[in-house]
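Asks: Input work05.tsv, format and content: TSV, C-alpha atoms.
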chain	number	residue	atom	x	y	z
V	1	MET	CA	96.27	82.80	100.48
V	2	PHE	CA	97.73	86.30	100.10
V	3	LYS	CA	100.70	87.85	101.86
V	4	LEU	CA	100.79	91.60	102.47
V	5	TYR	CA	104.05	93.43	103.06
V	6	TYR	CA	103.35	96.59	105.04
V	7	SER	CA	104.84	99.15	107.34
V	8	PRO	CA	102.81	100.68	110.19
V	9	GLY	CA	101.68	104.22	109.43
V	10	SER	CA	102.14	103.77	105.69
V	11	CYS	CA	99.55	103.72	102.90
V	12	ALA	CA	99.63	99.91	103.12
V	13	LEU	CA	96.95	100.30	105.80
V	14	ALA	CA	94.35	100.77	103.04
V	15	SER	CA	95.11	97.37	101.52
V	16	HIS	CA	95.32	95.76	104.96
V	17	ILE	CA	91.83	96.97	105.87
V	18	THR	CA	90.49	95.92	102.47
V	19	LEU	CA	91.83	92.36	102.83
V	20	GLU	CA	90.07	92.18	106.18
V	21	GLU	CA	86.80	93.65	104.85
V	22	ALA	CA	86.87	91.20	101.93
V	23	GLY	CA	87.20	88.21	104.22
V	24	ALA	CA	90.40	87.20	102.43
V	25	ALA	CA	92.79	84.58	103.78
V	26	TYR	CA	96.07	86.45	104.24
V	27	THR	CA	99.20	86.81	106.28
V	28	THR	CA	101.25	89.96	106.82
V	29	GLU	CA	104.92	90.77	107.05
V	30	ARG	CA	106.13	93.99	108.56
V	31	ILE	CA	108.89	95.94	106.80
V	32	ASP	CA	110.97	98.07	109.16
V	33	PHE	CA	111.55	101.49	107.60
V	34	LYS	CA	113.83	102.59	110.48
V	35	SER	CA	116.44	100.00	109.47
V	36	ASN	CA	115.78	100.74	105.76
V	37	GLN	CA	114.52	97.17	105.29
V	38	GLN	CA	112.52	98.33	102.26
V	39	ASN	CA	115.82	98.65	100.39
V	40	SER	CA	117.27	95.31	101.53
V	41	PRO	CA	118.12	92.82	98.75
V	42	GLU	CA	115.45	90.47	100.13
V	43	TYR	CA	112.70	93.05	99.89
V	44	LEU	CA	113.87	94.50	96.57
V	45	ALA	CA	113.38	90.98	95.18
V	46	VAL	CA	109.72	91.32	96.21
V	47	ASN	CA	109.29	94.94	95.11
V	48	PRO	CA	112.14	96.50	93.10
V	49	LYS	CA	110.68	99.94	93.88
V	50	GLY	CA	111.61	99.57	97.54
V	51	ARG	CA	108.18	100.66	98.74
V	52	VAL	CA	105.22	99.19	100.54
V	53	PRO	CA	102.64	97.81	100.08
V	54	ALA	CA	103.25	94.67	98.05
V	55	LEU	CA	100.83	91.77	97.79
V	56	VAL	CA	102.00	88.24	97.06
V	57	THR	CA	99.34	86.22	95.24
V	58	ASP	CA	99.43	82.78	93.63
V	59	ARG	CA	99.68	84.52	90.24
V	60	GLY	CA	102.53	86.86	91.17
V	61	ILE	CA	103.27	90.02	93.13
V	62	LEU	CA	101.19	93.18	92.88
V	63	THR	CA	102.18	96.70	93.93
V	64	GLU	CA	100.55	100.16	93.81
V	65	THR	CA	97.65	100.75	96.18
V	66	PRO	CA	94.89	101.61	93.64
V	67	ALA	CA	95.65	98.44	91.65
V	68	MET	CA	95.80	96.27	94.77
V	69	LEU	CA	92.53	97.67	96.15
V	70	ALA	CA	90.65	96.99	92.92
V	71	PHE	CA	92.21	93.53	92.69
V	72	ILE	CA	91.09	92.59	96.22
V	73	ALA	CA	87.59	93.92	95.50
V	74	GLN	CA	87.33	91.99	92.24
V	75	SER	CA	88.71	88.80	93.81
V	76	PHE	CA	85.95	88.87	96.46
V	77	PRO	CA	82.93	90.20	94.58
V	78	GLN	CA	80.52	89.05	97.30
V	79	ALA	CA	82.01	91.71	99.62
V	80	LYS	CA	80.79	94.40	97.19
V	81	LEU	CA	83.82	96.65	97.71
V	82	ALA	CA	83.81	98.14	94.19
V	83	PRO	CA	81.12	98.70	91.54
V	84	SER	CA	82.96	96.49	89.03
V	85	ASP	CA	79.84	95.78	86.96
V	86	ASP	CA	79.35	99.49	86.15
V	87	PRO	CA	82.32	100.94	84.20
V	88	PHE	CA	81.39	104.55	84.97
V	89	ALA	CA	80.89	104.03	88.71
V	90	PHE	CA	84.07	101.93	88.81
V	91	ALA	CA	85.93	104.75	87.04
V	92	GLN	CA	84.67	107.27	89.59
V	93	ALA	CA	86.10	105.10	92.38
V	94	GLN	CA	89.35	104.67	90.45
V	95	ALA	CA	89.57	108.44	89.84
V	96	PHE	CA	89.22	109.11	93.56
V	97	ASN	CA	91.94	106.61	94.42
V	98	SER	CA	94.14	107.92	91.64
V	99	TYR	CA	93.85	111.44	93.05
V	100	LEU	CA	94.89	110.11	96.46
V	101	CYS	CA	97.97	108.34	95.10
V	102	SER	CA	99.19	110.85	92.54
V	103	THR	CA	98.34	114.16	94.21
V	104	VAL	CA	97.49	113.80	97.92
V	105	HIS	CA	100.03	111.16	98.94
V	106	VAL	CA	102.64	113.01	96.86
V	107	ALA	CA	101.85	116.30	98.63
V	108	HIS	CA	102.30	114.57	102.00
V	109	ALA	CA	105.55	112.91	100.92
V	110	HIS	CA	107.21	116.30	100.51
V	111	LYS	CA	107.34	116.53	104.31
V	112	GLY	CA	109.81	113.71	104.84
V	113	ARG	CA	110.85	112.45	101.41
V	114	GLY	CA	112.41	115.59	99.93
V	115	PRO	CA	115.53	113.70	98.78
V	116	ARG	CA	113.38	111.92	96.23
V	117	TRP	CA	113.09	115.16	94.26
V	118	ALA	CA	115.88	117.51	95.38
V	119	THR	CA	119.39	117.59	96.81
V	120	GLU	CA	119.76	120.61	99.11
V	121	GLU	CA	118.72	120.78	102.78
V	122	SER	CA	117.22	124.21	102.13
V	123	SER	CA	114.91	122.65	99.51
V	124	PHE	CA	113.80	119.92	101.92
V	125	ALA	CA	112.95	122.56	104.53
V	126	ASP	CA	111.08	124.63	101.95
V	127	MET	CA	109.08	121.61	100.75
V	128	LYS	CA	108.29	120.58	104.31
V	129	SER	CA	107.02	124.03	105.19
V	130	LYS	CA	104.51	123.97	102.33
V	131	VAL	CA	102.91	120.64	103.29
V	132	PRO	CA	100.25	122.11	105.63
V	133	GLN	CA	99.08	124.30	102.75
V	134	THR	CA	99.09	121.64	100.02
V	135	MET	CA	97.43	119.00	102.18
V	136	ALA	CA	94.79	121.51	103.35
V	137	ALA	CA	94.05	122.38	99.70
V	138	CYS	CA	93.74	118.72	98.69
V	139	PHE	CA	91.40	117.97	101.57
V	140	ALA	CA	89.34	121.11	101.04
V	141	LEU	CA	88.55	119.73	97.57
V	142	ILE	CA	87.78	116.27	98.97
V	143	GLU	CA	85.52	117.83	101.64
V	144	ARG	CA	83.71	120.07	99.15
V	145	ASP	CA	83.45	117.95	95.99
V	146	MET	CA	84.44	114.33	96.44
V	147	LEU	CA	83.27	112.79	99.71
V	148	LYS	CA	79.60	112.16	99.01
V	149	GLY	CA	78.76	110.73	102.43
V	150	PRO	CA	78.28	108.73	104.45
V	151	TRP	CA	80.96	106.92	102.41
V	152	VAL	CA	83.19	108.35	99.70
V	153	MET	CA	81.01	107.05	96.86
V	154	GLY	CA	77.71	107.55	98.72
V	155	GLU	CA	75.63	104.87	100.38
V	156	GLN	CA	77.95	102.00	99.48
V	157	TYR	CA	81.21	101.41	101.35
V	158	THR	CA	83.97	100.86	98.76
V	159	ILE	CA	87.74	100.60	98.34
V	160	CYS	CA	87.87	104.40	98.39
V	161	ASP	CA	87.01	104.49	102.09
V	162	PRO	CA	90.00	102.74	103.66
V	163	TYR	CA	92.30	104.68	101.34
V	164	LEU	CA	90.82	108.03	102.34
V	165	TYR	CA	90.89	106.98	105.99
V	166	THR	CA	94.57	106.06	105.71
V	167	ILE	CA	95.71	109.32	104.13
V	168	ALA	CA	93.40	111.48	106.27
V	169	GLY	CA	95.15	109.88	109.25
V	170	TRP	CA	98.23	111.92	108.33
V	171	LEU	CA	96.47	115.30	108.49
V	172	GLU	CA	97.26	116.29	112.08
V	173	GLY	CA	100.91	115.34	111.60
V	174	ASP	CA	100.92	117.44	108.45
V	175	GLY	CA	99.65	120.48	110.33
V	176	VAL	CA	96.13	120.52	108.91
V	177	ASP	CA	93.25	121.59	111.13
V	178	LEU	CA	90.70	118.76	111.03
V	179	SER	CA	87.99	120.96	112.55
V	180	ARG	CA	87.67	122.67	109.15
V	181	LEU	CA	86.95	119.31	107.54
V	182	PRO	CA	83.79	118.08	109.28
V	183	LYS	CA	82.86	115.50	106.63
V	184	VAL	CA	86.36	114.02	106.64
V	185	ALA	CA	86.32	113.93	110.45
V	186	ALA	CA	82.92	112.20	110.49
V	187	HIS	CA	84.19	109.70	107.91
V	188	ARG	CA	87.13	108.87	110.17
V	189	GLN	CA	84.77	108.25	113.08
V	190	ARG	CA	82.55	106.03	110.92
V	191	MET	CA	85.57	104.03	109.75
V	192	GLN	CA	86.78	103.48	113.31
V	193	GLU	CA	83.45	101.90	114.22
V	194	ARG	CA	83.99	99.10	111.68
V	195	PRO	CA	85.19	95.80	113.17
V	196	ALA	CA	87.63	95.22	110.28
V	197	VAL	CA	89.29	98.57	110.91
V	198	GLN	CA	89.56	97.94	114.64
V	199	LYS	CA	91.10	94.52	114.07
V	200	VAL	CA	93.67	95.79	111.56
V	201	LEU	CA	94.68	98.78	113.72
V	202	ALA	CA	95.21	96.40	116.64
V	203	ASP	CA	97.25	94.03	114.44
V	204	GLU	CA	99.50	96.82	113.14
V	205	LYS	CA	100.10	98.07	116.70
V	206	ALA	CA	100.87	94.63	118.12
P	1	MET	CA	79.49	110.89	72.42
P	2	PHE	CA	82.42	111.87	74.64
P	3	LYS	CA	84.25	115.16	74.88
P	4	LEU	CA	87.92	115.23	75.83
P	5	TYR	CA	89.56	118.33	77.27
P	6	TYR	CA	93.28	118.24	76.55
P	7	SER	CA	96.38	120.33	76.15
P	8	PRO	CA	99.05	119.45	73.56
P	9	GLY	CA	102.12	117.88	75.13
P	10	SER	CA	100.26	116.89	78.30
P	11	CYS	CA	99.40	113.45	79.63
P	12	ALA	CA	95.96	113.87	78.02
P	13	LEU	CA	97.56	112.39	74.89
P	14	ALA	CA	97.19	108.92	76.42
P	15	SER	CA	93.42	109.26	76.69
P	16	HIS	CA	93.20	110.88	73.25
P	17	ILE	CA	94.98	107.92	71.63
P	18	THR	CA	92.85	105.46	73.58
P	19	LEU	CA	89.59	107.07	72.42
P	20	GLU	CA	90.84	106.74	68.85
P	21	GLU	CA	91.99	103.13	69.31
P	22	ALA	CA	88.62	102.24	70.86
P	23	GLY	CA	86.70	103.63	67.90
P	24	ALA	CA	84.79	105.95	70.26
P	25	ALA	CA	82.68	108.84	69.02
P	26	TYR	CA	84.28	111.91	70.59
P	27	THR	CA	85.11	115.56	70.20
P	28	THR	CA	88.03	117.43	71.70
P	29	GLU	CA	88.52	120.85	73.24
P	30	ARG	CA	91.97	122.33	73.63
P	31	ILE	CA	92.84	124.07	76.90
P	32	ASP	CA	95.51	126.74	76.53
P	33	PHE	CA	98.02	126.45	79.37
P	34	LYS	CA	99.91	129.58	78.22
P	35	SER	CA	96.92	131.76	79.07
P	36	ASN	CA	96.26	129.67	82.22
P	37	GLN	CA	92.90	128.57	80.79
P	38	GLN	CA	93.00	125.49	83.02
P	39	ASN	CA	92.30	127.80	85.97
P	40	SER	CA	89.52	129.79	84.28
P	41	PRO	CA	86.11	129.67	85.99
P	42	GLU	CA	84.69	127.91	82.92
P	43	TYR	CA	87.23	125.11	83.07
P	44	LEU	CA	87.21	124.82	86.87
P	45	ALA	CA	83.49	124.08	86.50
P	46	VAL	CA	84.51	121.07	84.37
P	47	ASN	CA	87.48	120.01	86.53
P	48	PRO	CA	87.89	121.75	89.89
P	49	LYS	CA	91.49	120.49	90.03
P	50	GLY	CA	92.46	122.78	87.13
P	51	ARG	CA	94.21	120.00	85.25
P	52	VAL	CA	93.81	118.07	82.02
P	53	PRO	CA	92.59	115.60	80.93
P	54	ALA	CA	88.88	115.60	81.67
P	55	LEU	CA	86.33	113.45	79.86
P	56	VAL	CA	82.71	114.51	79.57
P	57	THR	CA	80.39	111.50	79.32
P	58	ASP	CA	76.60	111.19	79.39
P	59	ARG	CA	76.90	109.99	83.01
P	60	GLY	CA	79.14	112.83	84.19
P	61	ILE	CA	82.73	114.03	84.03
P	62	LEU	CA	85.74	111.82	84.67
P	63	THR	CA	89.28	112.89	85.50
P	64	GLU	CA	92.59	111.12	86.31
P	65	THR	CA	94.29	109.32	83.44
P	66	PRO	CA	94.36	105.76	84.86
P	67	ALA	CA	90.63	105.89	85.61
P	68	MET	CA	89.79	107.37	82.21
P	69	LEU	CA	91.88	104.80	80.34
P	70	ALA	CA	90.21	101.87	82.10
P	71	PHE	CA	86.80	103.45	81.55
P	72	ILE	CA	87.37	103.83	77.81
P	73	ALA	CA	88.64	100.24	77.59
P	74	GLN	CA	85.65	98.89	79.50
P	75	SER	CA	83.18	100.97	77.48
P	76	PHE	CA	84.50	99.45	74.24
P	77	PRO	CA	85.27	95.84	75.18
P	78	GLN	CA	85.47	94.75	71.54
P	79	ALA	CA	88.65	96.84	71.18
P	80	LYS	CA	90.33	94.60	73.80
P	81	LEU	CA	92.33	97.43	75.35
P	82	ALA	CA	92.37	95.98	78.89
P	83	PRO	CA	92.12	92.44	80.30
P	84	SER	CA	88.97	93.32	82.28
P	85	ASP	CA	87.82	89.71	82.57
P	86	ASP	CA	90.97	88.69	84.51
P	87	PRO	CA	91.30	90.59	87.80
P	88	PHE	CA	95.01	89.79	88.20
P	89	ALA	CA	95.97	90.79	84.66
P	90	PHE	CA	93.81	93.89	84.97
P	91	ALA	CA	95.57	94.74	88.25
P	92	GLN	CA	98.97	94.40	86.57
P	93	ALA	CA	97.89	96.93	83.95
P	94	GLN	CA	96.49	99.21	86.63
P	95	ALA	CA	99.70	98.92	88.66
P	96	PHE	CA	101.75	99.98	85.66
P	97	ASN	CA	99.53	102.98	85.01
P	98	SER	CA	99.48	103.85	88.70
P	99	TYR	CA	103.29	103.88	88.74
P	100	LEU	CA	103.26	106.23	85.74
P	101	CYS	CA	100.84	108.68	87.37
P	102	SER	CA	102.08	108.65	90.96
P	103	THR	CA	105.84	108.29	90.49
P	104	VAL	CA	106.98	108.95	86.91
P	105	HIS	CA	104.71	111.86	85.99
P	106	VAL	CA	105.40	113.34	89.44
P	107	ALA	CA	109.16	113.06	88.90
P	108	HIS	CA	108.81	114.88	85.58
P	109	ALA	CA	106.59	117.57	87.07
P	110	HIS	CA	109.40	118.71	89.35
P	111	LYS	CA	111.04	120.27	86.30
P	112	GLY	CA	108.43	122.94	85.71
P	113	ARG	CA	105.88	122.66	88.51
P	114	GLY	CA	108.06	123.32	91.53
P	115	PRO	CA	105.62	125.89	92.97
P	116	ARG	CA	103.19	123.06	93.63
P	117	TRP	CA	105.47	121.82	96.42
P	118	ALA	CA	107.81	124.64	97.43
P	119	THR	CA	108.12	128.42	97.59
P	120	GLU	CA	111.73	129.45	96.94
P	121	GLU	CA	113.37	129.88	93.53
P	122	SER	CA	116.42	128.01	94.82
P	123	SER	CA	114.21	125.00	95.54
P	124	PHE	CA	112.69	125.08	92.06
P	125	ALA	CA	116.19	125.10	90.54
P	126	ASP	CA	117.28	122.26	92.81
P	127	MET	CA	114.21	120.17	91.89
P	128	LYS	CA	114.69	120.87	88.20
P	129	SER	CA	118.33	119.80	88.29
P	130	LYS	CA	117.41	116.40	89.75
P	131	VAL	CA	114.84	115.52	87.05
P	132	PRO	CA	117.31	113.86	84.63
P	133	GLN	CA	118.35	111.54	87.45
P	134	THR	CA	114.87	110.67	88.74
P	135	MET	CA	113.41	110.16	85.27
P	136	ALA	CA	116.39	108.00	84.26
P	137	ALA	CA	115.88	105.87	87.38
P	138	CYS	CA	112.15	105.45	86.72
P	139	PHE	CA	112.75	104.44	83.13
P	140	ALA	CA	115.64	102.12	83.99
P	141	LEU	CA	113.12	100.18	86.10
P	142	ILE	CA	110.54	100.24	83.29
P	143	GLU	CA	113.17	99.07	80.78
P	144	ARG	CA	114.46	96.30	83.05
P	145	ASP	CA	111.34	94.98	84.79
P	146	MET	CA	108.09	96.32	83.42
P	147	LEU	CA	108.00	96.60	79.63
P	148	LYS	CA	107.49	92.99	78.58
P	149	GLY	CA	107.54	93.64	74.84
P	150	PRO	CA	106.49	94.09	72.19
P	151	TRP	CA	103.81	95.90	74.23
P	152	VAL	CA	103.92	96.81	77.90
P	153	MET	CA	101.83	93.83	78.96
P	154	GLY	CA	103.29	91.47	76.35
P	155	GLU	CA	101.63	90.35	73.14
P	156	GLN	CA	98.46	92.35	73.67
P	157	TYR	CA	98.32	96.11	73.12
P	158	THR	CA	96.59	97.69	76.14
P	159	ILE	CA	95.85	101.02	77.82
P	160	CYS	CA	99.37	100.90	79.27
P	161	ASP	CA	100.92	101.52	75.86
P	162	PRO	CA	99.64	105.00	75.00
P	163	TYR	CA	100.32	106.10	78.57
P	164	LEU	CA	103.93	104.88	78.45
P	165	TYR	CA	104.35	106.41	74.99
P	166	THR	CA	103.07	109.76	76.27
P	167	ILE	CA	105.36	109.99	79.28
P	168	ALA	CA	108.37	108.55	77.43
P	169	GLY	CA	107.88	111.40	74.97
P	170	TRP	CA	109.13	113.74	77.70
P	171	LEU	CA	112.46	111.95	78.18
P	172	GLU	CA	114.67	113.99	75.84
P	173	GLY	CA	113.27	117.24	77.26
P	174	ASP	CA	114.01	115.90	80.72
P	175	GLY	CA	117.65	115.25	79.82
P	176	VAL	CA	117.45	111.46	79.70
P	177	ASP	CA	119.55	109.57	77.14
P	178	LEU	CA	117.12	107.37	75.19
P	179	SER	CA	119.97	105.31	73.72
P	180	ARG	CA	120.29	103.61	77.10
P	181	LEU	CA	116.63	102.55	76.90
P	182	PRO	CA	116.43	100.38	73.77
P	183	LYS	CA	113.14	98.68	74.67
P	184	VAL	CA	111.49	102.02	75.43
P	185	ALA	CA	112.85	103.45	72.15
P	186	ALA	CA	111.57	100.45	70.17
P	187	HIS	CA	108.18	100.80	71.87
P	188	ARG	CA	108.00	104.43	70.76
P	189	GLN	CA	108.73	103.40	67.19
P	190	ARG	CA	106.08	100.68	67.32
P	191	MET	CA	103.53	103.17	68.67
P	192	GLN	CA	104.25	105.68	65.93
P	193	GLU	CA	103.43	103.08	63.30
P	194	ARG	CA	99.84	102.79	64.57
P	195	PRO	CA	97.27	104.70	62.51
P	196	ALA	CA	95.42	105.86	65.64
P	197	VAL	CA	98.59	107.41	67.04
P	198	GLN	CA	99.39	109.13	63.75
P	199	LYS	CA	95.87	110.55	63.52
P	200	VAL	CA	95.89	111.88	67.09
P	201	LEU	CA	99.34	113.43	66.79
P	202	ALA	CA	98.21	115.22	63.63
P	203	ASP	CA	95.01	116.40	65.34
P	204	GLU	CA	96.91	117.79	68.35
P	205	LYS	CA	99.34	119.63	66.07
P	206	ALA	CA	96.63	121.11	63.84
Reformat the file's structure so that it appears as structure tokens.
Replies:
Amino acid sequence: MFKLYYSPGSCALASHITLEEAGAAYTTERIDFKSNQQNSPEYLAVNPKGRVPALVTDRGILTETPAMLAFIAQSFPQAKLAPSDDPFAFAQAQAFNSYLCSTVHVAHAHKGRGPRWATEESSFADMKSKVPQTMAACFALIERDMLKGPWVMGEQYTICDPYLYTIAGWLEGDGVDLSRLPKVAAHRQRMQERPAVQKVLADEKA
Amino acid sequence: MFKLYYSPGSCALASHITLEEAGAAYTTERIDFKSNQQNSPEYLAVNPKGRVPALVTDRGILTETPAMLAFIAQSFPQAKLAPSDDPFAFAQAQAFNSYLCSTVHVAHAHKGRGPRWATEESSFADMKSKVPQTMAACFALIERDMLKGPWVMGEQYTICDPYLYTIAGWLEGDGVDLSRLPKVAAHRQRMQERPAVQKVLADEKA
């Protein structure tokens, strides 16, 4: 039995969907960002970084979305969520997820998390104003070079798909025109037809 | 036969060391950041992101350090550079590397790569001035919670070690006092005693 700590609207959605797709037994606990619960002593004991997601397993606690996604996939190999028996194909999936966490999520975070990297209000405003441009550039590359279709890695649905879906869900809020990203838009539609995605979205809204 | 594109002083050092530790057959090609070679049409054909490292394999090109490190480890299992047969232990290694790429490297990058995320000179200066603080905070967490010793994951040297060594090599330049990080400093020393590390450092200097 796993326990996922998440916050609605956060990148934890990718792990939440993946647990559901894998058929894992899991519970969830919501962390309230508005009351800064992620920095409470109780939660810092779970994840000293003060971030979501975190996954409690019987071996210990895991953090960092790309690591958690691969762990869930490898713990439920029958769900075929990652090409773990092919190091090159697995690395391609890992490279995609690594790009999402280290470049795309980071670009997005400059909209509301400026104090992580600067001190002045003028810097926060400057960072925020560049987000439409940086997120559009990231997704132009995904649209052109990375999203093979119908799923990220091609014919097989993998752990890259819920992660892309999660971060692409921020595009309108980041001021990016989705009509210029037809493959990303079609991927979103395809994701929303999956029962696991529908169930998780309903759970996170409840 | 692999080919590694790198730039001296960049995070590509982690992959370079890992190729050497694995006993891989590989060549290297240096990309000159001073002449902006990473954005030349020739290099963008290798890596459209305009970044190093990139690894040319007989199956295609890989990018993103965490993915490349795991790929090298899994391609040379006899070198025992990652606990690939234990999904939880593998996830712990991946989580460490994911933290390095998405949080620590990103914190460092705000020193010299401000134009990625903002437009004004005042913002770049503000970002740069916060780097000693953000890098010190990242490494305080690594020192306290993550670096098990003697190696990152404990008794076994893994793909986490050259990546930590690489990014910790930026600490003095980032204005962080290494004397407050005795485990990180001892890890650096231990790394520099390894023949593979000595060979790669000499190659990158040549």
Asks: As a list in words, could you give me every residue of chain P near chain V (at most 6 Å apart, counting all atoms listed in the file)?
Replies: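 Selected residues: Glu64, Ala67, Phe71, Pro87, Ala91, Gln94, Ala95, Cys101, Ser102, Trp117, Ala118, Ser123, Asp126, Met127 and Lys130 of chain P.
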Asks: How many Å lie between CA of Ala22 in chain V and CA of Glu172 in chain V, rounded to one decimal?
Replies: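 Result for CA of Ala22 in chain V versus CA of Glu172 in chain V: 29.0 Å, one decimal.
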Asks: What separation in Å, quoted to one decimal, exists between CA of Ala12 in chain V and CA of Thr158 in chain V?
Replies: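 Separating CA of Ala12 in chain V from CA of Thr158 in chain V is a distance of 16.3 Å.
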Asks: Using only C-alpha atoms, what residues lie at most 12 Å away from (94.9, 124.0, 83.7) (file coordinates), given as an MDAnalysis selection string?
Replies: chainID P and resid 5:8 10 12 30:54
Asks: Box along x, y and z, 5 Å on every side, all listed atoms of range 199-202 of chain P inside: centre and edge lengths in Å to one decimal, as JSON.
Replies:
{"center_x": 97.6, "center_y": 112.9, "center_z": 65.3, "size_x": 13.5, "size_y": 14.7, "size_z": 13.6}
Asks: Between CA of Gly23 in chain V and CA of Gly149 in chain V, what is the distance in Å, rounded to a tenth?
Replies: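 Distance between the two atoms: 24.1 Å.
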Asks: Within 7 Å of Phe2 in chain V, counting only C-alpha atoms, which residues show up once you throw out same-chain ones fewer than 3 positions away? Write them as a count of residues only, please.
Replies: 6
Asks: Point out the residue among V:Lys183, V:Lys3, V:Arg113, V:Leu13 with the least atom-to-atom distance to Thr28 in chain V, counting all atoms listed in the file.
Replies: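 Using all atoms listed in the file, the shortest distance to Thr28 in chain V belongs to V:Lys3.
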Asks: Pick from V:Ala206, V:Val176, V:Ala168, V:Ala136: nearest to Gln189 in chain V, with all atoms listed in the file counted?
Replies: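 Checking each candidate against Gln189 in chain V, we get V:Ala168 as the closest.
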Asks: Just want the 10 Å neighbourhood of Val200 in chain P, counted on all atoms listed in the file, with same-chain residues fewer than 2 positions away dropped. Output as a PyMOL selection string.
Replies: chain P and resi 13-14+16-21+195-198+202-206
Asks: Could you pull the residues within 9 Å of Gly169 in chain P, counting all atoms listed in the file, minus those fewer than 5 positions along the same chain, as a list in words?
Replies: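 So, after excluding close chain neighbours, the residues are Gly9, Leu164 and Arg188 of chain P.
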Asks: For C-alpha atoms, I'd like the residues from the last selection saved as a CSV table (one decimal), keeping the file's coordinate frame.
Replies:
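Final file, part.csv:
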chain,number,residue,atom,x,y,z
P,9,GLY,CA,102.1,117.9,75.1
P,164,LEU,CA,103.9,104.9,78.4
P,188,ARG,CA,108.0,104.4,70.8
